[in-house]
file final.txt (compact mmCIF, C-alpha atoms)
# COMPACT_ATOMS: atom_id res chain seq x y z
CA MET A 1 0.00 0.00 0.00
CA SER A 2 2.78 2.39 0.88
CA THR A 3 4.50 1.52 -2.35
CA LEU A 4 1.42 2.45 -4.34
CA THR A 5 1.04 5.71 -2.43
CA ALA A 6 4.64 6.65 -2.99
CA THR A 7 4.32 5.89 -6.64
CA ALA A 8 1.17 7.97 -6.97
CA GLU A 9 2.71 10.92 -5.18
CA GLU A 10 5.79 11.08 -7.38
CA PRO A 11 5.83 14.48 -9.15
CA ARG A 12 5.35 14.39 -12.88
CA THR A 13 7.99 16.19 -14.87
CA THR A 14 6.89 17.92 -18.07
CA PRO A 15 9.40 18.39 -20.85
CA ALA A 16 10.65 21.94 -21.10
CA ARG A 17 9.36 23.84 -24.10
CA PRO A 18 11.95 25.42 -26.34
CA ALA A 19 12.01 29.20 -26.08
CA TYR A 20 10.92 30.82 -29.32
CA ARG A 21 11.81 34.41 -30.04
CA VAL A 22 10.10 36.71 -32.48
CA THR A 23 12.83 37.77 -34.89
CA GLY A 24 12.72 39.72 -38.11
CA ARG A 25 13.70 36.67 -40.14
CA ARG A 26 10.91 34.57 -38.65
CA VAL A 27 8.33 37.26 -39.30
CA LEU A 28 9.52 37.49 -42.92
CA SER A 29 9.33 33.70 -43.28
CA SER A 30 5.82 33.70 -41.88
CA GLU A 31 4.65 36.39 -44.30
CA TRP A 32 6.34 34.62 -47.19
CA ALA A 33 4.51 31.38 -46.35
CA LYS A 34 1.15 33.15 -45.98
CA LEU A 35 1.58 34.94 -49.31
CA TRP A 36 2.16 31.78 -51.32
CA SER A 37 -0.52 29.77 -49.52
CA LEU A 38 -3.28 31.79 -51.23
CA ARG A 39 -4.54 30.82 -54.67
CA SER A 40 -5.28 34.47 -55.42
CA THR A 41 -1.55 35.21 -55.22
CA TRP A 42 -0.72 32.89 -58.09
CA ILE A 43 -3.68 34.03 -60.18
CA THR A 44 -3.10 37.77 -59.73
CA LEU A 45 0.65 37.59 -60.23
CA GLY A 46 0.02 35.58 -63.37
CA LEU A 47 -2.39 38.24 -64.59
CA GLY A 48 0.13 40.99 -63.88
CA LEU A 49 2.79 39.15 -65.87
CA LEU A 50 0.33 38.42 -68.65
CA PHE A 51 -0.73 42.07 -68.88
CA LEU A 52 2.87 43.20 -69.19
CA VAL A 53 3.85 40.73 -71.88
CA ALA A 54 0.59 40.50 -73.83
CA PHE A 55 -0.12 44.23 -74.09
CA GLY A 56 3.51 44.90 -74.93
CA LEU A 57 3.41 42.45 -77.82
CA ILE A 58 0.00 43.70 -78.99
CA SER A 59 1.20 47.31 -79.11
CA ALA A 60 4.38 46.29 -80.95
CA SER A 61 2.33 44.31 -83.48
CA ARG A 62 -0.03 47.24 -83.98
CA TYR A 63 2.89 49.56 -84.59
CA LYS A 64 4.40 47.17 -87.13
CA SER A 65 1.10 46.80 -88.99
CA GLY A 66 0.72 50.59 -89.07
CA ILE A 67 4.19 50.95 -90.59
CA ASN A 68 3.47 48.29 -93.21
CA SER A 69 0.08 49.72 -94.16
CA GLY A 70 1.20 53.35 -94.19
CA HIS A 71 -1.60 54.39 -91.82
CA MET A 72 0.14 54.98 -88.52
CA ASP A 73 -1.99 55.89 -85.52
CA ARG A 74 -0.96 59.27 -84.10
CA ASP A 75 -0.64 57.75 -80.61
CA PHE A 76 2.05 55.38 -81.91
CA ALA A 77 3.88 57.79 -84.22
CA ASP A 78 6.76 58.57 -81.85
CA SER A 79 6.88 55.17 -80.15
CA THR A 80 10.04 53.25 -79.42
CA ALA A 81 10.58 49.58 -78.73
CA VAL A 82 10.79 50.44 -75.02
CA SER A 83 7.54 52.41 -74.85
CA LEU A 84 5.74 49.74 -76.87
CA SER A 85 7.06 46.91 -74.70
CA LEU A 86 6.10 48.69 -71.47
CA PHE A 87 2.61 49.60 -72.71
CA GLY A 88 1.08 47.05 -70.32
CA THR A 89 2.61 48.64 -67.22
CA ASN A 90 -0.56 50.64 -66.51
CA PHE A 91 -2.59 47.43 -66.50
CA ALA A 92 -0.06 45.42 -64.50
CA GLN A 93 0.08 48.07 -61.79
CA LEU A 94 -3.61 47.50 -61.06
CA ALA A 95 -3.19 43.75 -60.70
CA LEU A 96 -0.14 44.04 -58.45
CA GLY A 97 -1.55 46.96 -56.46
CA VAL A 98 -4.84 45.16 -55.83
CA LEU A 99 -2.98 42.05 -54.68
CA GLY A 100 -0.95 44.23 -52.32
CA VAL A 101 -4.20 45.50 -50.78
CA LEU A 102 -5.44 41.93 -50.39
CA VAL A 103 -2.24 40.89 -48.63
CA THR A 104 -3.08 43.09 -45.63
CA ALA A 105 -6.78 43.99 -45.84
CA GLY A 106 -7.64 40.35 -46.48
CA GLU A 107 -6.43 39.44 -42.98
CA TYR A 108 -8.68 42.09 -41.47
CA SER A 109 -11.64 40.72 -43.43
CA THR A 110 -11.08 37.16 -42.21
CA GLY A 111 -10.00 38.09 -38.67
CA MET A 112 -6.64 36.39 -39.12
CA ILE A 113 -4.91 39.66 -38.25
CA ARG A 114 -5.66 39.01 -34.56
CA SER A 115 -3.63 35.82 -34.62
CA THR A 116 -0.86 37.55 -36.54
CA LEU A 117 -0.59 40.42 -34.05
CA ALA A 118 -0.83 38.04 -31.10
CA ALA A 119 2.21 36.22 -32.44
CA VAL A 120 4.05 39.51 -33.13
CA PRO A 121 2.95 41.89 -30.32
CA ARG A 122 5.16 44.76 -31.53
CA ARG A 123 2.94 44.97 -34.65
CA LEU A 124 5.08 47.15 -36.89
CA PRO A 125 7.41 44.30 -37.96
CA VAL A 126 4.31 42.67 -39.46
CA LEU A 127 3.70 45.69 -41.71
CA TRP A 128 7.36 46.02 -42.73
CA SER A 129 7.57 42.30 -43.50
CA LYS A 130 4.37 42.25 -45.57
CA ALA A 131 5.48 45.29 -47.58
CA ALA A 132 9.02 43.95 -48.08
CA VAL A 133 7.95 40.44 -49.10
CA PHE A 134 5.26 41.46 -51.53
CA GLY A 135 7.22 44.45 -52.83
CA LEU A 136 10.09 42.11 -53.70
CA VAL A 137 7.75 39.67 -55.44
CA ALA A 138 6.12 42.49 -57.44
CA LEU A 139 9.58 43.79 -58.36
CA VAL A 140 10.63 40.41 -59.74
CA VAL A 141 7.37 40.01 -61.68
CA GLY A 142 7.67 43.53 -63.10
CA MET A 143 11.26 43.12 -64.21
CA THR A 144 10.62 39.68 -65.68
CA GLY A 145 7.61 40.90 -67.64
CA GLY A 146 9.36 44.03 -68.85
CA PHE A 147 12.44 42.20 -70.12
CA VAL A 148 10.41 39.44 -71.77
CA ALA A 149 8.11 41.97 -73.46
CA PHE A 150 11.07 43.97 -74.74
CA LEU A 151 12.92 40.88 -75.91
CA PHE A 152 10.05 39.78 -78.14
CA GLY A 153 8.67 43.25 -78.87
CA SER A 154 11.99 44.53 -80.18
CA GLY A 155 12.05 41.58 -82.56
CA ILE A 156 8.60 42.48 -83.87
CA VAL A 157 9.54 46.11 -84.61
CA SER A 158 12.96 45.22 -85.99
CA GLY A 159 13.71 47.20 -89.13
CA THR A 160 11.32 50.04 -88.20
CA PRO A 161 12.12 53.51 -86.74
CA ALA A 162 11.14 52.16 -83.31
CA ALA A 163 13.76 49.40 -83.36
CA MET A 164 16.09 49.32 -80.34
CA SER A 165 18.32 46.82 -78.57
CA PHE A 166 19.54 46.38 -75.02
CA SER A 167 22.72 48.27 -75.93
CA HIS A 168 20.86 51.51 -76.73
CA ALA A 169 21.24 54.28 -74.18
CA GLY A 170 18.53 54.29 -71.55
CA VAL A 171 16.97 50.92 -72.41
CA LEU A 172 18.20 49.00 -69.38
CA ARG A 173 17.45 51.94 -67.12
CA SER A 174 13.87 52.08 -68.40
CA LEU A 175 13.27 48.34 -68.00
CA LEU A 176 14.73 48.31 -64.50
CA GLY A 177 12.76 51.46 -63.64
CA ALA A 178 9.50 49.81 -64.71
CA GLY A 179 10.18 46.82 -62.49
CA LEU A 180 11.07 49.07 -59.56
CA TYR A 181 7.92 51.12 -60.12
CA LEU A 182 5.71 48.03 -59.99
CA GLY A 183 7.52 46.83 -56.87
CA LEU A 184 6.81 50.13 -55.13
CA VAL A 185 3.17 50.01 -56.30
CA GLY A 186 2.92 46.64 -54.57
CA GLY A 187 4.31 48.20 -51.39
CA ILE A 188 1.81 51.07 -51.61
CA GLY A 189 -1.04 48.59 -52.06
CA THR A 190 0.09 46.72 -48.95
CA ALA A 191 0.18 49.97 -46.99
CA LEU A 192 -3.27 51.03 -48.20
CA GLY A 193 -4.71 47.68 -47.16
CA ALA A 194 -3.36 48.16 -43.63
CA LEU A 195 -4.43 51.80 -43.53
CA MET A 196 -8.01 51.31 -44.77
CA ARG A 197 -8.48 47.81 -43.28
CA SER A 198 -10.97 47.17 -46.07
CA VAL A 199 -10.40 45.49 -49.41
CA ALA A 200 -12.92 47.72 -51.18
CA GLY A 201 -11.61 50.87 -49.51
CA GLY A 202 -7.97 50.10 -50.22
CA ILE A 203 -8.63 49.28 -53.88
CA SER A 204 -10.73 52.44 -54.28
CA VAL A 205 -7.95 54.67 -52.94
CA LEU A 206 -5.37 52.87 -55.09
CA VAL A 207 -7.37 53.29 -58.30
CA ALA A 208 -8.13 56.91 -57.48
CA ALA A 209 -4.47 57.74 -56.83
CA LEU A 210 -3.10 56.00 -59.92
CA MET A 211 -5.84 56.61 -62.49
CA LEU A 212 -8.65 58.97 -61.49
CA ILE A 213 -6.80 61.92 -59.96
CA PRO A 214 -4.46 62.39 -62.98
CA GLY A 215 -7.55 62.69 -65.17
CA LEU A 216 -9.22 65.18 -62.84
CA ILE A 217 -6.09 67.35 -62.83
CA SER A 218 -6.82 68.15 -66.48
CA LEU A 219 -9.83 70.17 -65.30
CA LEU A 220 -7.55 72.63 -63.48
CA PRO A 221 -6.06 75.73 -65.15
CA SER A 222 -3.06 74.88 -67.31
CA SER A 223 -0.69 76.83 -65.07
CA TRP A 224 -1.73 74.66 -62.13
CA GLN A 225 -1.45 71.47 -64.15
CA ASP A 226 2.21 72.12 -64.95
CA ASP A 227 2.98 72.61 -61.24
CA ILE A 228 0.96 69.70 -59.85
CA ALA A 229 0.77 66.95 -62.50
CA PRO A 230 4.47 65.88 -62.51
CA TYR A 231 4.33 65.15 -58.77
CA LEU A 232 1.30 62.88 -58.84
CA PRO A 233 2.14 59.23 -58.02
CA SER A 234 1.39 57.85 -61.48
CA ASN A 235 3.21 60.61 -63.36
CA ALA A 236 6.24 60.47 -61.08
CA GLY A 237 6.29 56.69 -61.50
CA GLN A 238 6.11 56.91 -65.28
CA ALA A 239 9.07 59.30 -65.25
CA MET A 240 11.09 56.48 -63.68
CA PHE A 241 10.89 54.34 -66.81
CA ALA A 242 10.24 56.85 -69.60
CA LEU A 243 12.99 56.81 -72.21
CA THR A 244 12.70 60.52 -73.04
CA HIS A 245 11.72 63.53 -70.95
CA ASP A 246 10.69 67.13 -71.54
CA SER A 247 10.06 70.26 -69.49
CA THR A 248 6.67 68.99 -68.26
CA THR A 249 8.00 65.73 -66.78
CA LEU A 250 10.43 64.85 -64.03
CA SER A 251 13.81 63.26 -64.61
CA PRO A 252 14.12 59.55 -63.73
CA GLY A 253 15.96 60.34 -60.50
CA ALA A 254 13.46 63.01 -59.45
CA GLY A 255 10.56 60.72 -60.35
CA LEU A 256 12.03 57.95 -58.21
CA LEU A 257 12.50 60.33 -55.28
CA VAL A 258 8.92 61.63 -55.50
CA PHE A 259 7.47 58.13 -55.79
CA LEU A 260 9.53 56.97 -52.82
CA CYS A 261 8.03 59.86 -50.83
CA TRP A 262 4.52 58.71 -51.76
CA THR A 263 5.42 55.16 -50.72
CA ALA A 264 6.84 56.36 -47.41
CA LEU A 265 3.71 58.45 -46.81
CA ALA A 266 1.42 55.45 -47.34
CA LEU A 267 3.55 53.19 -45.13
CA GLY A 268 3.81 55.89 -42.47
CA GLY A 269 0.03 56.29 -42.33
CA ALA A 270 -0.45 52.53 -42.13
CA ALA A 271 2.17 52.24 -39.37
CA TYR A 272 0.53 55.01 -37.34
CA ARG A 273 -2.90 53.39 -37.48
CA LEU A 274 -1.54 49.92 -36.80
CA ALA A 275 0.33 51.11 -33.73
CA ARG A 276 -2.43 53.36 -32.37
CA THR A 277 -5.65 51.41 -32.91
CA ASP A 278 -6.82 47.90 -32.12
CA ALA A 279 -7.18 45.21 -34.74

call {"tool": "encode", "arguments": {"input": "final.txt", "output": "C-alpha cells"}}
result
Amino acid sequence: MSTLTATAEEPRTTPARPAYRVTGRRVLSSEWAKLWSLRSTWITLGLGLLFLVAFGLISASRYKSGINSGHMDRDFADSTAVSLSLFGTNFAQLALGVLGVLVTAGEYSTGMIRSTLAAVPRRLPVLWSKAAVFGLVALVVGMTGGFVAFLFGSGIVSGTPAAMSFSHAGVLRSLLGAGLYLGLVGGIGTALGALMRSVAGGISVLVAALMLIPGLISLLPSSWQDDIAPYLPSNAGQAMFALTHDSTTLSPGAGLLVFLCWTALALGGAAYRLARTDA
C-alpha cells in the first residue's frame, strides 16, 4: 500500500518547451509562407505578368502593322521599342496593387490579423515584412515581364524607326525602372490595405491615386497642371521608366525620389494606425 502511495505521489515532470523568439527573419518567413498559400496570389501575379507581356506584344504588333500599311496611328507615331514593350505597365500596376491590398486587408476581413498580431505583439514588424515580401515579389514580376516583353517586342519592330536593342542608351534603365515602379506600387497597395483595413476601400484609394486623380487634374487651369501633374504618383512613377523627358515631366531620378516619398507616406500612415488602434 505504501509503495502504491509513494508511486502515486511522485511528481510528474513535463518536458521543457523550447524558447521561441520573435525575430525579423521569422516574421519574414511567416509572411512569405502566408503569401504563397493563397490561390489568389498565383492568379493575380500571373495576370500581372500576362498584362505586361501581352499588351507589350500587342502594341508592338499594332505599330508594325501601321508601318506596313502606311496608316500609322498618331498615338504610336513617336513610339520606341521600349515604350511599346512597357505599354502594359498601366494594366499590370492594377493587378499588383490590388494584390498588395489583399495581402493586408484580407487578414482584417477574415479576422486572421488578430492571430498575426498576437504572435508579433510589436505589430510594426508585421507591416514592414508584408510590404518587403510582396514588394520584392512584385519587383521580380515587373522586371521579368518588362524584359520578356522587350525581348520579343523589339524583334517584332525590328527594321522600323522604333527598333532598339539592349545596348541603346537608356533601355536597361527604363526596364529596371519599370520593375522598380511596380515593386513600389505593390508596397503602396500593402500599406493602403493596412491603412483602410478594407479590401474595397484600399482598392478604391489605389485606383483613385493612380488613375482617377491624374484625369481630374486636367480640369484645373493649365498653369496649375504644370505645377501639380508631374508630382502625382502615377506621373512620377512613369518618369522612372520613360525613355525621353521634356520640361513637363520629371527626370528619372526626381521621379524615383517623389514616388519613394509617396510610398513612405502610405507606409507611415499605415504604421501610425496599426500602432495606435486595435485590430

call {"tool": "closest_residue", "arguments": {"input": "final.txt", "among": "A:Leu96, A:Val101, A:Val126, A:Ile58", "to": "Gly24 of chain A", "atoms": "only C-alpha atoms"}}
result
A:Val126

call {"tool": "closest_residue", "arguments": {"input": "final.txt", "among": "A:Ala169, A:Leu28, A:Leu257, A:Leu127", "to": "Ala105 of chain A", "atoms": "only C-alpha atoms"}}
result
A:Leu127

call {"tool": "closest_residue", "arguments": {"input": "final.txt", "among": "A:Ser40, A:Ser198, A:Ser30, A:Thr190", "to": "Leu136 of chain A", "atoms": "only C-alpha atoms"}}
result
A:Thr190

call {"tool": "atom_distance", "arguments": {"input": "final.txt", "atom1": "atom CA of Arg39 of chain A", "atom2": "atom CA of Leu99 of chain A"}}
result
11.3 Å

call {"tool": "residues_around", "arguments": {"input": "final.txt", "residues": "Gly187 of chain A", "least_positions_apart": "3", "cutoff": "12 Å", "atoms": "all atoms listed in the file", "output": "PyMOL selection string"}}
result
chain A and resi 93+96-104+127-139+180-184+190-194+206+259-260+262-268+270

call {"tool": "residues_around", "arguments": {"input": "final.txt", "residues": "Thr23 of chain A", "least_positions_apart": "6", "cutoff": "10 Å", "atoms": "only C-alpha atoms", "output": "PyMOL selection string"}}
result
chain A and resi 29+120+125

call {"tool": "residues_around", "arguments": {"input": "final.txt", "residues": "segment 76-85 of chain A", "least_positions_apart": "3", "cutoff": "6 Å", "atoms": "all atoms listed in the file", "output": "PyMOL selection string"}}
result
chain A and resi 56+59-60+73+149-150+153-154+162-164

call {"tool": "closest_residue", "arguments": {"input": "final.txt", "among": "A:Gly111, A:Phe87, A:Ala95, A:Leu212", "to": "Thr41 of chain A", "atoms": "all atoms listed in the file"}}
result
A:Ala95

call {"tool": "atom_distance", "arguments": {"input": "final.txt", "atom1": "atom CA of Ser65 of chain A", "atom2": "atom CA of His168 of chain A"}}
result
23.7 Å

call {"tool": "atom_distance", "arguments": {"input": "final.txt", "atom1": "atom CA of Ile43 of chain A", "atom2": "atom CA of Val199 of chain A"}}
result
17.1 Å

call {"tool": "residues_around", "arguments": {"input": "final.txt", "residues": "Val205 of chain A", "least_positions_apart": "4", "cutoff": "10 Å", "atoms": "all atoms listed in the file", "output": "mmCIF file with C-alpha atoms, keeping the file's coordinate frame"}}
result
data_model
loop_
_atom_site.group_PDB
_atom_site.id
_atom_site.type_symbol
_atom_site.label_atom_id
_atom_site.label_comp_id
_atom_site.auth_asym_id
_atom_site.auth_seq_id
_atom_site.Cartn_x
_atom_site.Cartn_y
_atom_site.Cartn_z
ATOM 1 C CA GLY A 189 -1.040 48.590 -52.060
ATOM 2 C CA LEU A 192 -3.270 51.030 -48.200
ATOM 3 C CA GLY A 193 -4.710 47.680 -47.160
ATOM 4 C CA MET A 196 -8.010 51.310 -44.770
ATOM 5 C CA ALA A 200 -12.920 47.720 -51.180
ATOM 6 C CA GLY A 201 -11.610 50.870 -49.510
ATOM 7 C CA ALA A 209 -4.470 57.740 -56.830
ATOM 8 C CA LEU A 210 -3.100 56.000 -59.920
ATOM 9 C CA MET A 211 -5.840 56.610 -62.490
ATOM 10 C CA LEU A 212 -8.650 58.970 -61.490
#

call {"tool": "closest_residue", "arguments": {"input": "final.txt", "among": "A:Thr277, A:Leu52, A:Phe166, A:Gly159", "to": "Gly179 of chain A", "atoms": "all atoms listed in the file"}}
result
A:Leu52

call {"tool": "closest_residue", "arguments": {"input": "final.txt", "among": "A:Tyr63, A:Asp278, A:Ala239, A:Val140", "to": "Arg114 of chain A", "atoms": "all atoms listed in the file"}}
result
A:Asp278

call {"tool": "residues_near_point", "arguments": {"input": "final.txt", "point": "(13.3, 60.7, -64.8)", "cutoff": "10 Å", "atoms": "all atoms listed in the file", "output": "ChimeraX atom specification"}}
result
/A:173-174,177,236-246,249-257
